[in-house]
$ cat target19.txt   # compact mmCIF, C-alpha atoms and all ligand atoms
# COMPACT_ATOMS: atom_id res chain seq x y z
CA MET X 1 -35.71 236.04 45.03
CA PHE X 2 -38.26 233.63 46.54
CA GLU X 3 -38.23 230.50 44.35
CA LYS X 4 -40.47 227.94 46.04
CA ARG X 5 -43.69 226.94 44.30
CA THR X 6 -46.20 224.16 44.61
CA TRP X 7 -49.14 222.99 42.51
CA ILE X 8 -51.69 220.89 44.36
CA ARG X 9 -54.37 219.27 42.22
CA LEU X 10 -57.46 218.15 44.12
CA PRO X 11 -61.00 217.09 43.12
CA ARG X 12 -63.62 219.80 42.96
CA ASN X 13 -66.53 217.63 44.14
CA VAL X 14 -66.33 214.69 46.52
CA VAL X 15 -69.78 213.12 46.70
CA VAL X 16 -70.07 210.41 49.36
CA GLY X 17 -73.22 208.78 50.68
CA HIS X 18 -76.01 206.26 50.34
CA GLY X 19 -77.27 206.03 46.74
CA VAL X 20 -75.09 208.81 45.31
CA LEU X 21 -74.30 206.66 42.26
CA GLY X 22 -77.76 207.75 41.09
CA GLN X 23 -76.52 211.36 41.06
CA THR X 24 -73.75 210.75 38.52
CA ILE X 25 -75.32 213.01 35.90
CA GLU X 26 -75.73 215.91 38.35
CA ALA X 27 -72.15 215.50 39.57
CA VAL X 28 -70.83 215.50 36.01
CA SER X 29 -73.03 218.43 34.86
CA GLU X 30 -71.61 220.49 37.75
CA LEU X 31 -68.19 220.10 36.19
CA HIS X 32 -69.32 221.31 32.75
CA LEU X 33 -67.85 218.21 31.14
CA THR X 34 -68.96 217.83 27.55
CA GLY X 35 -68.83 215.21 24.81
CA ARG X 36 -69.06 211.43 24.99
CA PRO X 37 -68.45 209.78 28.35
CA LEU X 38 -66.20 206.72 28.34
CA VAL X 39 -66.83 204.43 31.33
CA VAL X 40 -63.76 202.33 32.21
CA SER X 41 -64.25 199.40 34.57
CA SER X 42 -63.14 195.86 35.29
CA PRO X 43 -65.43 192.81 35.07
CA THR X 44 -67.15 192.77 38.50
CA PRO X 45 -67.37 196.57 38.93
CA HIS X 46 -68.88 196.69 35.43
CA GLU X 47 -71.76 194.53 36.71
CA VAL X 48 -71.99 196.18 40.12
CA ALA X 49 -71.99 199.82 38.98
CA GLY X 50 -70.62 200.36 35.45
CA GLU X 51 -73.80 199.29 33.71
CA ARG X 52 -75.86 201.61 35.91
CA VAL X 53 -73.58 204.55 35.17
CA VAL X 54 -73.82 203.88 31.42
CA ALA X 55 -77.63 203.60 31.65
CA GLN X 56 -77.86 206.96 33.41
CA PHE X 57 -75.87 208.65 30.64
CA GLU X 58 -78.07 207.00 27.99
CA ASP X 59 -81.24 208.17 29.74
CA ALA X 60 -79.84 211.70 29.99
CA GLY X 61 -79.19 211.82 26.21
CA TYR X 62 -75.40 211.42 26.29
CA ASP X 63 -73.82 208.86 23.94
CA PRO X 64 -71.73 206.81 26.39
CA SER X 65 -69.26 204.08 25.58
CA GLU X 66 -67.77 201.47 27.92
CA ILE X 67 -64.54 199.50 28.07
CA VAL X 68 -63.75 196.69 30.51
CA ILE X 69 -60.10 196.11 31.41
CA GLU X 70 -58.77 193.01 33.17
CA GLU X 71 -55.52 194.19 34.77
CA ALA X 72 -53.36 197.16 35.73
CA SER X 73 -50.79 197.34 32.94
CA PHE X 74 -49.43 199.83 30.41
CA ASP X 75 -51.15 197.73 27.70
CA ALA X 76 -54.49 198.29 29.42
CA VAL X 77 -53.81 202.05 29.59
CA GLN X 78 -53.05 202.02 25.84
CA ARG X 79 -56.26 200.11 25.10
CA VAL X 80 -58.26 202.77 26.91
CA ILE X 81 -56.39 205.58 25.11
CA ASP X 82 -57.03 203.91 21.72
CA HIS X 83 -60.71 203.33 22.46
CA ALA X 84 -61.19 206.88 23.75
CA SER X 85 -59.55 208.27 20.60
CA GLU X 86 -61.68 206.06 18.32
CA ILE X 87 -64.96 207.21 19.86
CA ASP X 88 -63.72 210.77 20.38
CA ALA X 89 -64.46 210.66 24.10
CA GLY X 90 -65.07 213.93 25.92
CA PHE X 91 -64.31 212.67 29.43
CA LEU X 92 -63.60 209.44 31.33
CA LEU X 93 -65.10 207.74 34.38
CA GLY X 94 -63.14 205.05 36.23
CA VAL X 95 -65.56 202.63 37.90
CA GLY X 96 -64.06 199.95 40.13
CA GLY X 97 -61.25 199.09 42.51
CA GLY X 98 -57.72 200.49 42.48
CA LYS X 99 -56.75 198.94 39.17
CA ALA X 100 -59.61 200.33 37.06
CA ILE X 101 -59.23 203.76 38.65
CA ASP X 102 -55.44 203.80 38.11
CA ILE X 103 -55.81 202.85 34.44
CA THR X 104 -58.43 205.52 33.89
CA LYS X 105 -56.45 208.33 35.52
CA MET X 106 -53.35 207.42 33.50
CA ALA X 107 -55.29 207.30 30.22
CA ALA X 108 -57.01 210.61 31.08
CA ASP X 109 -53.60 212.17 31.69
CA ASP X 110 -52.34 211.04 28.29
CA LEU X 111 -55.51 212.15 26.52
CA ASP X 112 -55.67 215.45 28.45
CA LEU X 113 -59.30 214.70 29.33
CA GLY X 114 -61.23 215.16 32.57
CA PHE X 115 -61.75 212.11 34.77
CA VAL X 116 -64.29 211.15 37.42
CA SER X 117 -63.49 208.49 40.04
CA VAL X 118 -66.29 206.08 40.94
CA PRO X 119 -64.96 203.58 43.51
CA THR X 120 -66.91 200.36 43.95
CA ALA X 121 -64.74 199.17 46.83
CA ALA X 122 -63.19 200.97 49.82
CA SER X 123 -60.06 198.93 49.20
CA HIS X 124 -57.27 201.42 48.35
CA ASP X 125 -56.32 205.07 48.70
CA GLY X 126 -55.91 205.76 44.99
CA ILE X 127 -59.53 207.01 44.79
CA VAL X 128 -58.42 210.65 44.82
CA SER X 129 -54.68 210.57 44.29
CA GLY X 130 -53.00 211.95 41.19
CA ARG X 131 -50.76 208.89 41.02
CA GLY X 132 -51.02 205.69 39.01
CA SER X 133 -49.33 202.46 40.11
CA VAL X 134 -48.38 199.95 37.41
CA PRO X 135 -45.99 196.99 37.37
CA GLU X 136 -43.62 196.54 34.46
CA GLY X 137 -41.10 193.70 34.38
CA ASP X 138 -38.96 193.81 37.52
CA THR X 139 -40.10 197.25 38.59
CA ARG X 140 -43.16 199.06 39.83
CA HIS X 141 -43.93 202.52 38.48
CA SER X 142 -45.65 205.24 40.45
CA VAL X 143 -46.47 207.75 37.74
CA ALA X 144 -48.05 211.17 37.77
CA ALA X 145 -51.60 210.85 36.49
CA GLU X 146 -54.74 212.93 36.12
CA PRO X 147 -56.39 213.44 39.53
CA PRO X 148 -60.18 213.13 39.44
CA LEU X 149 -62.32 216.21 38.92
CA ALA X 150 -64.93 214.51 41.09
CA VAL X 151 -65.36 211.43 43.23
CA ILE X 152 -68.69 209.63 43.47
CA ALA X 153 -68.47 207.13 46.33
CA ASP X 154 -71.76 205.36 46.96
CA THR X 155 -71.61 203.88 50.47
CA GLU X 156 -74.42 201.46 49.58
CA VAL X 157 -72.26 199.98 46.79
CA LEU X 158 -69.14 199.98 48.98
CA ALA X 159 -70.98 198.29 51.87
CA GLU X 160 -72.32 195.56 49.58
CA ALA X 161 -68.83 194.72 48.31
CA PRO X 162 -67.07 191.76 49.96
CA TRP X 163 -65.98 192.78 53.47
CA ARG X 164 -62.35 191.85 52.82
CA LEU X 165 -62.12 194.76 50.36
CA THR X 166 -62.99 197.20 53.16
CA THR X 167 -60.47 195.67 55.57
CA ALA X 168 -57.90 195.98 52.76
CA GLY X 169 -58.66 199.71 52.54
CA CYS X 170 -58.19 200.02 56.31
CA ALA X 171 -54.85 198.24 56.09
CA ASP X 172 -53.73 200.51 53.22
CA ILE X 173 -54.40 203.43 55.63
CA ILE X 174 -52.77 201.78 58.67
CA SER X 175 -49.63 201.34 56.53
CA ASN X 176 -49.37 205.16 56.38
CA TYR X 177 -47.59 205.08 59.76
CA THR X 178 -44.58 203.22 58.39
CA ALA X 179 -44.75 205.01 55.03
CA VAL X 180 -44.29 208.35 56.81
CA ARG X 181 -41.49 206.94 58.96
CA ASP X 182 -39.71 205.80 55.80
CA TRP X 183 -40.25 209.18 54.19
CA GLN X 184 -38.80 210.98 57.23
CA LEU X 185 -35.84 208.59 57.25
CA ALA X 186 -35.20 209.24 53.55
CA HIS X 187 -35.38 212.97 54.28
CA ARG X 188 -32.80 212.69 57.05
CA LEU X 189 -30.45 210.31 55.26
CA LYS X 190 -30.87 211.22 51.60
CA ASN X 191 -32.24 214.76 51.74
CA VAL X 192 -35.45 213.63 50.00
CA HIS X 193 -37.99 216.47 50.07
CA TYR X 194 -40.43 216.00 52.97
CA SER X 195 -43.73 217.84 53.30
CA GLU X 196 -44.75 218.40 56.92
CA TYR X 197 -48.38 218.98 55.88
CA ALA X 198 -48.61 215.81 53.79
CA GLY X 199 -46.81 213.73 56.43
CA ALA X 200 -49.00 215.04 59.25
CA LEU X 201 -52.21 214.53 57.25
CA SER X 202 -51.23 210.99 56.37
CA GLN X 203 -50.40 210.12 59.99
CA MET X 204 -53.54 211.80 61.33
CA THR X 205 -55.64 209.85 58.82
CA ALA X 206 -54.20 206.57 60.12
CA GLU X 207 -54.74 207.66 63.73
CA MET X 208 -58.37 208.60 63.13
CA LEU X 209 -59.04 205.31 61.39
CA VAL X 210 -57.46 203.28 64.20
CA GLU X 211 -59.47 205.27 66.78
CA SER X 212 -62.65 204.44 64.84
CA ALA X 213 -61.89 200.69 64.71
CA ASP X 214 -64.86 199.87 66.96
CA SER X 215 -67.25 201.38 64.40
CA ILE X 216 -65.74 199.52 61.45
CA LYS X 217 -67.84 196.39 61.30
CA ARG X 218 -69.10 194.02 58.64
CA GLY X 219 -72.67 194.81 57.60
CA LEU X 220 -72.55 198.40 58.87
CA GLU X 221 -72.79 200.93 56.04
CA GLU X 222 -71.25 203.58 58.29
CA SER X 223 -68.00 201.57 58.14
CA SER X 224 -67.74 202.34 54.42
CA TRP X 225 -68.33 206.01 55.19
CA ILE X 226 -65.50 206.09 57.77
CA VAL X 227 -63.09 204.16 55.55
CA VAL X 228 -63.78 206.07 52.34
CA LYS X 229 -63.24 209.38 54.13
CA ALA X 230 -59.84 208.10 55.30
CA LEU X 231 -58.99 206.90 51.78
CA VAL X 232 -59.88 210.33 50.36
CA SER X 233 -57.80 212.04 53.05
CA SER X 234 -54.80 209.81 52.35
CA GLY X 235 -55.13 210.56 48.63
CA VAL X 236 -55.15 214.29 49.42
CA ALA X 237 -51.88 213.78 51.33
CA MET X 238 -50.39 212.22 48.17
CA SER X 239 -51.66 215.16 46.11
CA ILE X 240 -50.08 217.67 48.50
CA ALA X 241 -46.79 215.76 48.34
CA ASP X 242 -47.10 215.23 44.56
CA SER X 243 -45.80 211.75 45.36
CA SER X 244 -47.11 208.51 46.86
CA ARG X 245 -44.47 208.89 49.62
CA PRO X 246 -46.98 209.78 52.40
CA ALA X 247 -48.78 206.47 51.81
CA SER X 248 -46.12 204.19 50.37
CA GLY X 249 -42.87 203.11 52.01
CA ALA X 250 -41.06 199.81 52.46
CA GLU X 251 -44.30 197.97 53.28
CA HIS X 252 -45.49 198.88 49.76
CA LEU X 253 -42.19 197.76 48.19
CA PHE X 254 -42.70 194.42 49.96
CA SER X 255 -46.26 194.17 48.58
CA HIS X 256 -45.20 195.14 45.05
CA GLN X 257 -42.56 192.41 45.18
CA LEU X 258 -45.19 189.90 46.38
CA ASP X 259 -47.32 190.90 43.36
CA ARG X 260 -44.43 189.85 41.13
CA LEU X 261 -43.74 186.62 42.97
CA VAL X 262 -47.38 185.60 43.44
CA PRO X 263 -49.53 187.19 40.73
CA ASN X 264 -53.18 187.33 41.87
CA GLY X 265 -52.08 186.62 45.46
CA ALA X 266 -53.64 188.61 48.29
CA LEU X 267 -55.25 192.05 48.15
CA HIS X 268 -52.92 195.06 47.93
CA GLY X 269 -54.13 196.50 51.25
CA HIS X 270 -53.74 193.20 53.08
CA GLN X 271 -50.19 192.77 51.79
CA VAL X 272 -49.06 196.27 52.73
CA GLY X 273 -50.64 195.80 56.18
CA VAL X 274 -48.58 192.68 56.91
CA GLY X 275 -45.55 194.44 55.44
CA SER X 276 -46.00 197.36 57.80
CA ILE X 277 -45.89 195.09 60.87
CA MET X 278 -42.41 193.99 59.80
CA THR X 279 -41.14 197.40 58.68
CA GLU X 280 -42.36 198.96 61.94
CA TYR X 281 -40.23 196.32 63.69
CA LEU X 282 -37.27 197.35 61.51
CA HIS X 283 -37.79 200.99 62.46
CA SER X 284 -38.34 200.61 66.17
CA GLY X 285 -37.05 197.19 67.25
CA GLN X 286 -38.50 194.38 69.28
CA LYS X 287 -39.99 196.65 71.95
CA GLY X 288 -41.25 199.13 69.35
CA LYS X 289 -44.68 199.77 67.91
CA TRP X 290 -44.97 196.78 65.59
CA LYS X 291 -47.49 195.24 68.01
CA ASP X 292 -49.65 198.38 67.67
CA ALA X 293 -49.66 197.92 63.88
CA ARG X 294 -50.51 194.23 64.25
CA ASP X 295 -53.26 194.90 66.80
CA ALA X 296 -54.79 197.67 64.70
CA LEU X 297 -54.95 195.32 61.70
CA ALA X 298 -56.35 192.48 63.80
CA ALA X 299 -58.99 194.81 65.29
CA ILE X 300 -60.53 195.40 61.86
CA GLY X 301 -60.07 191.78 60.77
CA ALA X 302 -57.21 192.29 58.29
CA PRO X 303 -54.51 189.60 57.95
CA THR X 304 -51.46 189.81 60.21
CA THR X 305 -49.61 186.66 59.09
CA ALA X 306 -48.28 185.07 55.91
CA ASP X 307 -50.71 182.23 56.47
CA GLU X 308 -53.68 184.59 56.54
CA LEU X 309 -52.41 186.17 53.32
CA GLY X 310 -52.25 182.70 51.77
CA ILE X 311 -48.57 183.22 50.98
CA ASP X 312 -45.84 180.78 52.01
CA ASP X 313 -43.02 181.71 54.38
CA GLU X 314 -40.26 181.39 51.76
CA THR X 315 -42.01 183.86 49.48
CA VAL X 316 -42.32 186.36 52.33
CA ILE X 317 -38.58 186.13 52.92
CA GLU X 318 -37.79 186.44 49.22
CA ALA X 319 -40.03 189.51 48.95
CA LEU X 320 -38.44 191.11 52.03
CA THR X 321 -34.87 190.57 50.84
CA THR X 322 -35.53 191.84 47.29
CA ALA X 323 -38.12 194.59 47.92
CA HIS X 324 -35.50 197.38 47.90
CA GLN X 325 -34.73 196.60 44.24
CA ILE X 326 -38.19 197.26 42.90
CA ARG X 327 -38.06 201.04 42.91
CA ASP X 328 -35.60 203.82 43.55
CA ARG X 329 -37.19 204.81 46.87
CA TYR X 330 -35.05 204.93 49.98
CA THR X 331 -36.66 203.23 52.98
CA VAL X 332 -35.74 201.39 56.17
CA LEU X 333 -34.74 198.47 53.91
CA GLY X 334 -31.69 200.50 52.88
CA ASP X 335 -29.66 198.57 50.33
CA GLY X 336 -31.39 195.31 51.23
CA MET X 337 -31.92 192.88 54.09
CA SER X 338 -29.90 189.73 54.57
CA GLU X 339 -31.88 186.50 54.59
CA GLU X 340 -31.07 185.94 58.28
CA ALA X 341 -32.32 189.42 59.21
CA ALA X 342 -35.48 188.93 57.15
CA ILE X 343 -36.22 185.61 58.85
CA GLU X 344 -35.64 187.25 62.24
CA ALA X 345 -38.00 190.16 61.49
CA ALA X 346 -40.73 187.93 60.09
CA THR X 347 -40.42 185.45 62.96
CA VAL X 348 -40.27 187.91 65.85
CA THR X 349 -43.38 189.68 64.53
CA GLY X 350 -45.20 186.38 64.05
CA VAL X 351 -45.68 186.96 60.33
CA ILE X 352 -44.14 183.56 59.61
N1 LIG T 1 -52.72 205.23 42.57
C1 LIG T 1 -52.69 205.13 43.87
O1 LIG T 1 -52.44 206.12 44.59
C2 LIG T 1 -52.99 203.80 44.49
C3 LIG T 1 -53.26 203.71 45.87
C4 LIG T 1 -53.54 202.46 46.41
C5 LIG T 1 -53.59 201.34 45.59
N2 LIG T 1 -53.32 201.47 44.28
C6 LIG T 1 -53.35 200.32 43.38
O2 LIG T 1 -54.67 199.79 43.39
C7 LIG T 1 -54.62 198.37 43.26
C8 LIG T 1 -55.27 197.75 44.48
O3 LIG T 1 -56.62 198.11 44.51
P1 LIG T 1 -57.75 197.01 44.76
O4 LIG T 1 -57.36 196.19 45.94
O5 LIG T 1 -59.06 197.71 44.74
O6 LIG T 1 -57.57 196.06 43.48
P2 LIG T 1 -58.57 195.70 42.28
O7 LIG T 1 -58.92 196.87 41.49
O8 LIG T 1 -57.94 194.54 41.58
O9 LIG T 1 -59.88 195.21 43.04
C9 LIG T 1 -59.83 194.06 43.86
C10 LIG T 1 -60.98 193.10 43.49
O10 LIG T 1 -62.19 193.66 43.97
C11 LIG T 1 -63.20 193.50 42.99
N3 LIG T 1 -64.26 194.47 43.24
C12 LIG T 1 -64.21 195.82 43.19
N4 LIG T 1 -65.40 196.33 43.55
C13 LIG T 1 -66.21 195.29 43.86
C14 LIG T 1 -67.55 195.17 44.31
N5 LIG T 1 -68.30 196.25 44.55
N6 LIG T 1 -68.06 193.93 44.50
C15 LIG T 1 -67.32 192.82 44.29
N7 LIG T 1 -66.03 192.87 43.87
C16 LIG T 1 -65.50 194.10 43.66
C17 LIG T 1 -62.45 193.68 41.69
O11 LIG T 1 -63.18 193.13 40.63
C18 LIG T 1 -61.16 192.90 42.00
O12 LIG T 1 -61.35 191.53 41.74
C19 LIG T 1 -53.14 198.00 43.16
O13 LIG T 1 -52.78 197.87 41.81
C20 LIG T 1 -52.46 199.19 43.83
O14 LIG T 1 -51.13 199.36 43.41
C21 LIG T 1 -53.04 202.67 43.71
O1 LIG T 2 -46.73 204.41 44.60
P1 LIG T 2 -47.21 203.11 45.15
O2 LIG T 2 -46.13 202.38 45.91
O3 LIG T 2 -47.86 202.25 44.15
O4 LIG T 2 -48.27 203.45 46.28
C1 LIG T 2 -49.52 203.98 45.98
C2 LIG T 2 -50.53 203.50 47.00
O5 LIG T 2 -50.63 202.11 46.99
C3 LIG T 2 -50.35 204.05 48.36
O6 LIG T 2 -51.28 203.48 49.23
ZN ZN T 3 -51.39 201.29 48.92
$ encode --input "target19.txt" --output "structure tokens"
Amino acid sequence: MFEKRTWIRLPRNVVVGHGVLGQTIEAVSELHLTGRPLVVSSPTPHEVAGERVVAQFEDAGYDPSEIVIEEASFDAVQRVIDHASEIDAGFLLGVGGGKAIDITKMAADDLDLGFVSVPTAASHDGIVSGRGSVPEGDTRHSVAAEPPLAVIADTEVLAEAPWRLTTAGCADIISNYTAVRDWQLAHRLKNVHYSEYAGALSQMTAEMLVESADSIKRGLEESSWIVVKALVSSGVAMSIADSSRPASGAEHLFSHQLDRLVPNGALHGHQVGVGSIMTEYLHSGQKGKWKDARDALAAIGAPTTADELGIDDETVIEALTTAHQIRDRYTVLGDGMSEEAAIEAATVTGVI
């Protein structure tokens, strides 16, 4: 008997464009969501877009509530769940960067409520994915979460956000190259399930972004359009895989370890970008494609060195040598790098 089955959960409406934040009510009505909306954001996104979303619901006769979270943690998820239960929320909207959106999708999953993703920065590819990423102690969890029913990505809002957030989103996409290489390696060595469709989509997304590098420029709203499309596409790859594997390999383990060592250090996308220069070197050697990764990052103005990340050399080496411990995910790091090998990789690639 044929046993294979798959269940791919994707958004129904992806609304991207100039001023689409003003169409929140239409986008939500289309989904037949009922009851009280709960708008979840973090401090700056609350000011940039959250207040406007709440005002639209008030004007349309809904009875919205809002909660502002400060960090991506299981405590924050619980706070949102408690608040949603208290007000008897009918559906949730996550307004912000990767952290606010992750918290909202995890709370929505627990509450079994619909969720709408409203990114205020093109900084990460969790806009669409059905995954949530949360640190806890020495580990980093990638948990199944509620994928959004709709995405409302206003390119005017995204273009007005600090430029470094957009370059971080680009770097999160460029890191897909090494993520897929790690996934293929894990498939070959550990028989980890590999999806050709998800792998190909993830790689193609990175290729298209790199080919568009000339059009990704500060002050150009079209840049946000190009980057957000790539972020959506990368999230779809994760949904097809039902895992963050297509977009998260050793370069992400390195970044997650940096988050532990230097809380509030550099942006997620910038860290994974620098990580991918080094893990590409580990995959393909000195004459390999690590220079392509570095040049692609440099072309869009993302950091390529520890210095540009604002992280000292010793911390980079500590993160590299301990990254394999943070999650049970086989990558090119294997069972860990020696300090000498880590120094060699970081030095040859010019990261330190
Ligand atoms: N679930 C997934 O599939 C997935 C994918 C990628 C990243 N992530 C997670 O997302 C997080 C990284 O996302 P991030 O870099 O957006 O972090 P973040 O949510 O902390 O946002 C970064 C900063 O940008 C600010 N910001 C957001 N919009 C702004 C705007 N319009 N104007 C001014 N400031 C604005 C935020 O206030 C914050 O200070 C990490 O926790 C990462 O693990 C998850
Ligand atoms: O599962 P993680 O490693 O958090 O990865 C998710 C996301 O950051 C991929 O770009
Ligand atoms: Zn990422």
$ residues_near_ligand --input "target19.txt" --ligand "ligand ZN 3 (chain T)" --cutoff "8 Å" --atoms "all atoms listed in the file" --output "PyMOL selection string"
chain X and resi 124-126+172-173+175+247-248+252+268-269+272
$ closest_residue --input "target19.txt" --among "X:Phe254, X:Phe2, X:Phe91, X:Phe57" --to "ligand LIG 2 (chain T)" --atoms "only C-alpha atoms and all ligand atoms"
X:Phe254
$ residues_near_point --input "target19.txt" --point "(-37.2, 192.1, 49.5)" --cutoff "12 Å" --atoms "all atoms listed in the file" --output "ChimeraX atom specification"
/X:250-261,275,278-279,314-327,331-339,341-343,346
$ write_last_selection --input "target19.txt" --atoms "C-alpha atoms" --output "compact mmCIF listing (two decimals), in the coordinates of the input"
# COMPACT_ATOMS: atom_id res chain seq x y z
CA ALA X 250 -41.06 199.81 52.46
CA GLU X 251 -44.30 197.97 53.28
CA HIS X 252 -45.49 198.88 49.76
CA LEU X 253 -42.19 197.76 48.19
CA PHE X 254 -42.70 194.42 49.96
CA SER X 255 -46.26 194.17 48.58
CA HIS X 256 -45.20 195.14 45.05
CA GLN X 257 -42.56 192.41 45.18
CA LEU X 258 -45.19 189.90 46.38
CA ASP X 259 -47.32 190.90 43.36
CA ARG X 260 -44.43 189.85 41.13
CA LEU X 261 -43.74 186.62 42.97
CA GLY X 275 -45.55 194.44 55.44
CA MET X 278 -42.41 193.99 59.80
CA THR X 279 -41.14 197.40 58.68
CA GLU X 314 -40.26 181.39 51.76
CA THR X 315 -42.01 183.86 49.48
CA VAL X 316 -42.32 186.36 52.33
CA ILE X 317 -38.58 186.13 52.92
CA GLU X 318 -37.79 186.44 49.22
CA ALA X 319 -40.03 189.51 48.95
CA LEU X 320 -38.44 191.11 52.03
CA THR X 321 -34.87 190.57 50.84
CA THR X 322 -35.53 191.84 47.29
CA ALA X 323 -38.12 194.59 47.92
CA HIS X 324 -35.50 197.38 47.90
CA GLN X 325 -34.73 196.60 44.24
CA ILE X 326 -38.19 197.26 42.90
CA ARG X 327 -38.06 201.04 42.91
CA THR X 331 -36.66 203.23 52.98
CA VAL X 332 -35.74 201.39 56.17
CA LEU X 333 -34.74 198.47 53.91
CA GLY X 334 -31.69 200.50 52.88
CA ASP X 335 -29.66 198.57 50.33
CA GLY X 336 -31.39 195.31 51.23
CA MET X 337 -31.92 192.88 54.09
CA SER X 338 -29.90 189.73 54.57
CA GLU X 339 -31.88 186.50 54.59
CA ALA X 341 -32.32 189.42 59.21
CA ALA X 342 -35.48 188.93 57.15
CA ILE X 343 -36.22 185.61 58.85
CA ALA X 346 -40.73 187.93 60.09
$ residues_around --input "target19.txt" --residues "stretch 288-293 of chain X" --least-positions-apart "4" --cutoff "9 Å" --atoms "all atoms listed in the file" --output "VMD selection string"
chain X and resid 174 to 175 177 273 to 274 276 to 284 297 to 298 349
$ residues_near_ligand --input "target19.txt" --ligand "ligand LIG 1 (chain T)" --cutoff "7 Å" --atoms "all atoms listed in the file" --output "ChimeraX atom specification"
/X:42-45,48,72,96-100,102,120-121,123-126,129-134,157-158,160-162,165,168,235,244,267-269
$ atom_distance --input "target19.txt" --atom1 "atom CA of X:Thr167" --atom2 "atom CA of X:Ala107"
28.4 Å
$ residues_near_point --input "target19.txt" --point "(-43.3, 211.1, 56.3)" --cutoff "9 Å" --atoms "all atoms listed in the file" --output "ChimeraX atom specification"
/X:176-187,194-196,198-200,202-203,245-247
$ closest_residue --input "target19.txt" --among "X:Gly17, X:Gly249, X:Pro11, X:Gly50" --to "X:Val128" --atoms "all atoms listed in the file"
X:Pro11
$ closest_residue --input "target19.txt" --among "X:Leu92, X:Ile67, X:Ala237, X:Ala306" --to "ligand LIG 2 (chain T)" --atoms "only C-alpha atoms and all ligand atoms"
X:Ala237
$ residues_around --input "target19.txt" --residues "X:Asp154" --least-positions-apart "5" --cutoff "7 Å" --atoms "only C-alpha atoms" --output "number ranges by chain"
X: 16-21
$ residues_around --input "target19.txt" --residues "X:Ser73" --least-positions-apart "6" --cutoff "8 Å" --atoms "all atoms listed in the file" --output "PyMOL selection string"
chain X and resi 103+134-136
$ closest_residue --input "target19.txt" --among "X:His141, X:Arg79, X:Arg12, X:Lys217" --to "ligand LIG 2 (chain T)" --atoms "only C-alpha atoms and all ligand atoms"
X:His141
$ closest_residue --input "target19.txt" --among "X:Ala144, X:Leu149, X:Val77, X:Ile216" --to "ligand LIG 2 (chain T)" --atoms "all atoms listed in the file"
X:Ala144
$ closest_residue --input "target19.txt" --among "X:Asp242, X:Glu221, X:Glu26, X:Glu211" --to "X:Tyr197" --atoms "all atoms listed in the file"
X:Asp242
$ atom_distance --input "target19.txt" --atom1 "atom CA of X:Gly94" --atom2 "atom CA of X:Val39"
6.2 Å
$ atom_distance --input "target19.txt" --atom1 "atom CA of X:Glu86" --atom2 "atom CA of X:Glu47"
23.9 Å
$ axis_aligned_box --input "target19.txt" --around "stretch 67-79 of chain X" --padding-each-side "4 Å" --output "JSON"
{"center_x": -57.0, "center_y": 197.5, "center_z": 30.4, "size_x": 23.1, "size_y": 17.0, "size_z": 18.6}
